[in-house]
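What follows is a short report on a single structure.
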Amino acid sequence: MEQRETGTTQQKTGKKLYDYQLDDLKQIFERFDSCPHNYNLLYQLPTGGGKTVVFSEITRQYINKKQKKVLILTHRIELSRQTSNMLTEFGVKNKVINSQVKTLPDQDEYSCFVAMVETLNNRLNDNIFTLEDVGLVIIDEAHYNSFRKLFKFFENCFILGVTATPLSSNIKLPMKDIYQELIVGSSIAFLIENKFLAKAVTYSYDVGLSGLLKVGINGDYTVKSSEDLYNSISMQNKLLTAYNQRAKGKKTLIFNNGINTSRQVYETFTAAGYDIRHLDNTNTKQQRREILEWFKNKPNAILTSVSILTTGFDEPTIETIILNRATRSLSLYFQMIGRGSRILPNKPNFDVIDLGNNLARFGLWSAEVNWQKIFRSPHYFLENIISDDEIERKFKYIMPDELRARFPNSETVEFDISAENQRVITAGLKTSVILERSLEQHLQMVLDNTEDFPEALALVKLLEDDIADRIRRYSYCITNSTRNYREWVFQDYKKKLRTRLIQEF
């Protein structure tokens, strides 16, 4: 989001805040004035809403009004630099405390410090230096829990946490246990309606996750189980198909869960003739700069990455975000999509391609979220995230038009497993009859649209997604939906179908 600059004859004084930002600023300063000096306040504003601008202006005004210093904590060096530059633009003299800063003999010369959390924690624990006269501590990306280790050093300070998603990254350490109050800023829907953010147009592709993805101790899917699924040929082909259908020729950022998956995506797209780059946290600073510069300047660039670009990265020209992963983290869901939300005069919308059932799990990115309720009852929210099995029960397979065209002589290609189940139960028959009738229909479809055995086998191969969907629905009807059982039935079904074809030909 671009903000109009204001200036004086002396120096830049930052950016002019919008009305919605000023409203939030007023609420925060009311708390400064009315709450205890060691109050912990949390402030929520969506990605792209201008959080850095808001807390830079808060810093400037706080220093002038309270005559005390401000400490801003970040968890990544890129965020430290960006914050320092913004503060300088607002006329706030600041110093970045990074790994090169061993002592602070000049701290009296600065009214504000920007510190990497790990670096500052090491310096304070080793008694290398102390920070004097700090009245306000601002925590950027406050939903990360690495900041808590520093709170003991600033027990007499007002702490202001800032985040787009007030839901802790650690389910065992809810934010309500640290912050006494949450101020909620403008919603994504408001920012879109008032032309501050681009509108997301979402395309969701059904992906079978149940029984394949494992949940780790942090509450999200493990990298290993994600890579086992997303490195597969079928998922790589699904990704490439989705790109060709929805994103071809557009600047595209792909998010993956795991370095190996991202590298596999790079190989898949390279083999398909696309110009693509891969980026993860093993790249050198120089490599990262070169890759991001290439991504910025190339109109139809494709960049595949892991989690490195979810925060501290701003490229307004992104036209498509691809979620080539599933996540149970609401914060990560918003962060990933938010990378494409910057609005430009020729970019009112951007596309989101979901290959992890994330839309079904969390809803639209722009949908209203009751952040106050999530803040007060995070466990209730987390325990009620829709399961993969529930999501997959709602999948409805629709035969692609190009595949339907291979069966021109078949009046219908649909087969309602649930309706057939009811007929079988009413007639008092075994449930295995359902699959027998389904198989007969598939057999007739193939026979009606082919003249020789090799072509018949080719059609059976093309029907595999349809077969898998019918078996999935059948397994729900008989309440046996384990992955191993479905795989056994799937292979048995295809074997029987081939056997019948041999008999026919």
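Identifiers in the structure tokens: chain A, B, ... in order shown; residue index from 1 per chain; ligand index from 1 in order shown.
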
Residues of segment 216-277 of chain A in strand (DSSP E or B), written as number ranges by chain: A: 221, 252-255, 276-277

So which residues touch Val207 of chain A within 9 Å, counting only C-alpha atoms, skipping near sequence neighbours fewer than 6 positions away, as a PyMOL selection string? chain A and resi 235+355-357+392+395

When DSSP is applied to the backbone of this structure, which of segment 240-474 of chain A are assigned helix (DSSP H, G or I)? Write them out as a PyMOL selection string. chain A and resi 240-246+259-271+285-297+330-338+358-362+371-376+378-383+388-393+401-404+417-427+432-448+453-462+464-474

May I have the residues from that selection written out with C-alpha atoms, as a short mmCIF file (atom, residue, chain, number, x, y, z; two decimals), in the first residue's frame?
data_model
loop_
_atom_site.label_atom_id
_atom_site.label_comp_id
_atom_site.auth_asym_id
_atom_site.auth_seq_id
_atom_site.Cartn_x
_atom_site.Cartn_y
_atom_site.Cartn_z
CA LEU A 240 1.68 -27.59 -13.24
CA THR A 241 -1.87 -28.05 -14.54
CA ALA A 242 -3.22 -25.47 -12.11
CA TYR A 243 -0.51 -22.99 -13.18
CA ASN A 244 -1.27 -23.54 -16.88
CA GLN A 245 -5.00 -23.11 -16.29
CA ARG A 246 -4.95 -20.06 -14.00
CA ILE A 259 13.05 -27.29 0.63
CA ASN A 260 12.95 -30.57 -1.27
CA THR A 261 9.43 -29.83 -2.53
CA SER A 262 10.45 -26.37 -3.69
CA ARG A 263 13.42 -27.81 -5.56
CA GLN A 264 11.17 -30.44 -7.12
CA VAL A 265 8.82 -27.66 -8.26
CA TYR A 266 11.82 -25.92 -9.83
CA GLU A 267 12.73 -29.10 -11.74
CA THR A 268 9.13 -29.72 -12.85
CA PHE A 269 8.64 -26.20 -14.22
CA THR A 270 12.10 -26.11 -15.80
CA ALA A 271 11.36 -29.38 -17.61
CA LYS A 285 22.57 -13.03 0.85
CA GLN A 286 23.99 -12.28 -2.58
CA GLN A 287 21.98 -15.10 -4.19
CA ARG A 288 18.84 -13.93 -2.44
CA ARG A 289 19.34 -10.36 -3.66
CA GLU A 290 19.91 -11.51 -7.24
CA ILE A 291 16.88 -13.83 -7.23
CA LEU A 292 14.55 -11.20 -5.78
CA GLU A 293 15.87 -8.60 -8.21
CA TRP A 294 15.16 -11.00 -11.10
CA PHE A 295 11.68 -11.67 -9.70
CA LYS A 296 10.98 -7.95 -9.40
CA ASN A 297 12.03 -7.07 -12.94
CA LEU A 330 -4.30 -19.35 10.32
CA SER A 331 -1.43 -16.87 10.65
CA LEU A 332 0.57 -18.53 7.90
CA TYR A 333 -2.51 -18.71 5.66
CA PHE A 334 -3.00 -14.94 5.93
CA GLN A 335 0.71 -14.21 5.57
CA MET A 336 1.13 -16.22 2.39
CA ILE A 337 -1.90 -14.75 0.63
CA GLY A 338 -1.02 -11.28 1.89
CA ASN A 358 -6.81 -24.23 2.91
CA LEU A 359 -9.86 -22.36 1.62
CA ALA A 360 -12.13 -25.10 2.98
CA ARG A 361 -10.22 -25.07 6.28
CA PHE A 362 -10.20 -21.32 6.96
CA TRP A 371 -10.19 -11.76 16.30
CA GLN A 372 -11.45 -10.85 19.76
CA LYS A 373 -13.00 -14.30 20.15
CA ILE A 374 -9.87 -16.01 18.83
CA PHE A 375 -7.72 -13.92 21.18
CA ARG A 376 -9.86 -14.82 24.22
CA PRO A 378 -7.61 -19.69 21.05
CA HIS A 379 -7.94 -23.32 22.10
CA TYR A 380 -11.60 -23.36 21.13
CA PHE A 381 -10.69 -22.05 17.68
CA LEU A 382 -7.82 -24.52 17.20
CA GLU A 383 -9.83 -27.50 18.39
CA ASP A 388 -9.13 -33.17 6.50
CA ASP A 389 -11.60 -36.03 6.54
CA GLU A 390 -14.54 -33.64 6.91
CA ILE A 391 -13.21 -31.50 4.08
CA GLU A 392 -12.75 -34.46 1.76
CA ARG A 393 -16.27 -35.75 2.41
CA ASP A 401 -14.40 -31.39 -20.28
CA GLU A 402 -11.45 -32.78 -22.24
CA LEU A 403 -11.96 -36.19 -20.59
CA ARG A 404 -15.74 -36.11 -21.07
CA ILE A 417 -22.62 -43.68 -4.88
CA SER A 418 -24.76 -42.33 -2.01
CA ALA A 419 -28.03 -42.83 -3.90
CA GLU A 420 -26.93 -46.32 -4.96
CA ASN A 421 -26.10 -47.09 -1.34
CA GLN A 422 -29.64 -46.20 -0.31
CA ARG A 423 -31.10 -48.47 -3.01
CA VAL A 424 -28.87 -51.35 -1.96
CA ILE A 425 -29.76 -50.96 1.72
CA THR A 426 -33.49 -50.76 0.90
CA ALA A 427 -33.24 -53.95 -1.16
CA SER A 432 -20.33 -54.75 -2.38
CA VAL A 433 -23.12 -54.55 -4.99
CA ILE A 434 -22.53 -50.78 -5.13
CA LEU A 435 -19.04 -51.21 -6.58
CA GLU A 436 -20.21 -54.00 -8.87
CA ARG A 437 -22.80 -51.68 -10.42
CA SER A 438 -20.27 -48.86 -10.64
CA LEU A 439 -17.82 -51.15 -12.40
CA GLU A 440 -20.50 -52.25 -14.88
CA GLN A 441 -21.14 -48.62 -15.80
CA HIS A 442 -17.41 -47.91 -16.28
CA LEU A 443 -17.11 -51.04 -18.40
CA GLN A 444 -20.01 -49.97 -20.62
CA MET A 445 -18.54 -46.46 -20.98
CA VAL A 446 -15.27 -47.93 -22.25
CA LEU A 447 -16.93 -50.44 -24.58
CA ASP A 448 -19.20 -47.80 -26.09
CA PHE A 453 -8.17 -53.46 -26.36
CA PRO A 454 -5.16 -51.07 -26.16
CA GLU A 455 -7.45 -48.05 -26.52
CA ALA A 456 -9.76 -49.53 -23.88
CA LEU A 457 -6.86 -49.80 -21.42
CA ALA A 458 -5.93 -46.19 -22.18
CA LEU A 459 -9.47 -45.08 -21.31
CA VAL A 460 -9.35 -47.02 -18.03
CA LYS A 461 -6.15 -45.14 -17.16
CA LEU A 462 -7.93 -41.85 -17.81
CA GLU A 464 -8.54 -43.37 -12.45
CA ASP A 465 -9.57 -40.10 -10.77
CA ASP A 466 -13.23 -40.97 -11.28
CA ILE A 467 -12.66 -44.47 -9.88
CA ALA A 468 -10.79 -43.10 -6.86
CA ASP A 469 -13.60 -40.64 -6.13
CA ARG A 470 -16.26 -43.35 -6.27
CA ILE A 471 -14.24 -45.56 -3.94
CA ARG A 472 -13.74 -42.67 -1.52
CA ARG A 473 -17.49 -42.07 -1.38
CA TYR A 474 -18.13 -45.80 -1.04
#

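If you measure from each of A:Asn324, A:Ile318, A:Arg277, A:Glu487 to Asn231 of chain A using only C-alpha atoms, the closest one turns out to be A:Asn324.
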
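Proximity of A:Asn346, A:Thr52, A:Gln180, A:Gln107 to Lys93 of chain A, computed with only C-alpha atoms, is greatest for A:Gln107.
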
One decimal, in Å: what's the spacing between atom CA of Thr304 of chain A and atom CA of Thr284 of chain A? 16.2 Å

Could you check the closest approach to Thr327 of chain A for each of A:Leu42, A:Leu104, A:Leu213, A:Val70 and tell me which residue wins, using only C-alpha atoms?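 Closest to Thr327 of chain A of all the choices is A:Leu213.
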
What is the distance between atom CA of Tyr493 of chain A and atom CA of Ser232 of chain A, in Å to one decimal?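 Taking atom CA of Tyr493 of chain A as the start and atom CA of Ser232 of chain A as the end point, the length is 22.6 Å.
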
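Across the structure, atom CA of Met116 of chain A and atom CA of Ser80 of chain A are spaced 6.9 Å apart.
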
Distance query Val162 of chain A at most 8 Å, only C-alpha atoms, self and fewer than 6 positions along chain excluded, as a PyMOL selection string: chain A and resi 42-45+51+138-142

Can I get the selected residues back with N, CA and C atoms, as a PDB file, in the first residue's frame?
ATOM      1  N   LEU A  42      -2.072  -5.492  22.756  1.00  0.00           N
ATOM      2  CA  LEU A  42      -1.872  -6.130  21.452  1.00  0.00           C
ATOM      3  C   LEU A  42      -2.699  -5.389  20.407  1.00  0.00           C
ATOM      4  N   TYR A  43      -2.103  -5.138  19.246  1.00  0.00           N
ATOM      5  CA  TYR A  43      -2.762  -4.398  18.164  1.00  0.00           C
ATOM      6  C   TYR A  43      -2.738  -5.228  16.896  1.00  0.00           C
ATOM      7  N   GLN A  44      -3.915  -5.421  16.292  1.00  0.00           N
ATOM      8  CA  GLN A  44      -4.038  -6.220  15.069  1.00  0.00           C
ATOM      9  C   GLN A  44      -4.374  -5.340  13.871  1.00  0.00           C
ATOM     10  N   LEU A  45      -3.643  -5.534  12.778  1.00  0.00           N
ATOM     11  CA  LEU A  45      -3.931  -4.862  11.512  1.00  0.00           C
ATOM     12  C   LEU A  45      -3.482  -5.796  10.390  1.00  0.00           C
ATOM     13  N   LYS A  51       1.192  -1.575   9.121  1.00  0.00           N
ATOM     14  CA  LYS A  51       1.567  -1.692  10.537  1.00  0.00           C
ATOM     15  C   LYS A  51       2.854  -0.927  10.838  1.00  0.00           C
ATOM     16  N   ILE A 138       7.950  -2.067  21.459  1.00  0.00           N
ATOM     17  CA  ILE A 138       7.043  -2.469  20.375  1.00  0.00           C
ATOM     18  C   ILE A 138       7.554  -3.773  19.780  1.00  0.00           C
ATOM     19  N   ILE A 139       6.676  -4.751  19.648  1.00  0.00           N
ATOM     20  CA  ILE A 139       7.060  -6.060  19.134  1.00  0.00           C
ATOM     21  C   ILE A 139       6.384  -6.281  17.789  1.00  0.00           C
ATOM     22  N   ASP A 140       7.170  -6.342  16.740  1.00  0.00           N
ATOM     23  CA  ASP A 140       6.640  -6.600  15.396  1.00  0.00           C
ATOM     24  C   ASP A 140       6.447  -8.100  15.207  1.00  0.00           C
ATOM     25  N   GLU A 141       5.386  -8.487  14.488  1.00  0.00           N
ATOM     26  CA  GLU A 141       5.045  -9.907  14.310  1.00  0.00           C
ATOM     27  C   GLU A 141       4.945 -10.601  15.667  1.00  0.00           C
ATOM     28  N   ALA A 142       4.105 -10.024  16.527  1.00  0.00           N
ATOM     29  CA  ALA A 142       4.058 -10.428  17.936  1.00  0.00           C
ATOM     30  C   ALA A 142       3.530 -11.832  18.163  1.00  0.00           C
TER      31      ALA A 142
END

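Comparing the minimum interatomic distances between Thr482 of chain A and each of A:Leu212, A:Lys65, A:Leu150, A:Phe90, counting only C-alpha atoms, we find that A:Leu212 sits nearest.
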
Using only C-alpha atoms, which residues sit within 7 Å of Leu303 of chain A once same-chain residues fewer than 2 positions away are excluded, as a VMD selection string? chain A and resid 252 to 254 276 to 278 295 301 305

Shell around Arg342 of chain A at 12 Å using only C-alpha atoms, local window under 2 positions removed, as a ChimeraX atom specification: /A:1-3,46-50,188,191-192,195-200,313-320,337-340,344-350
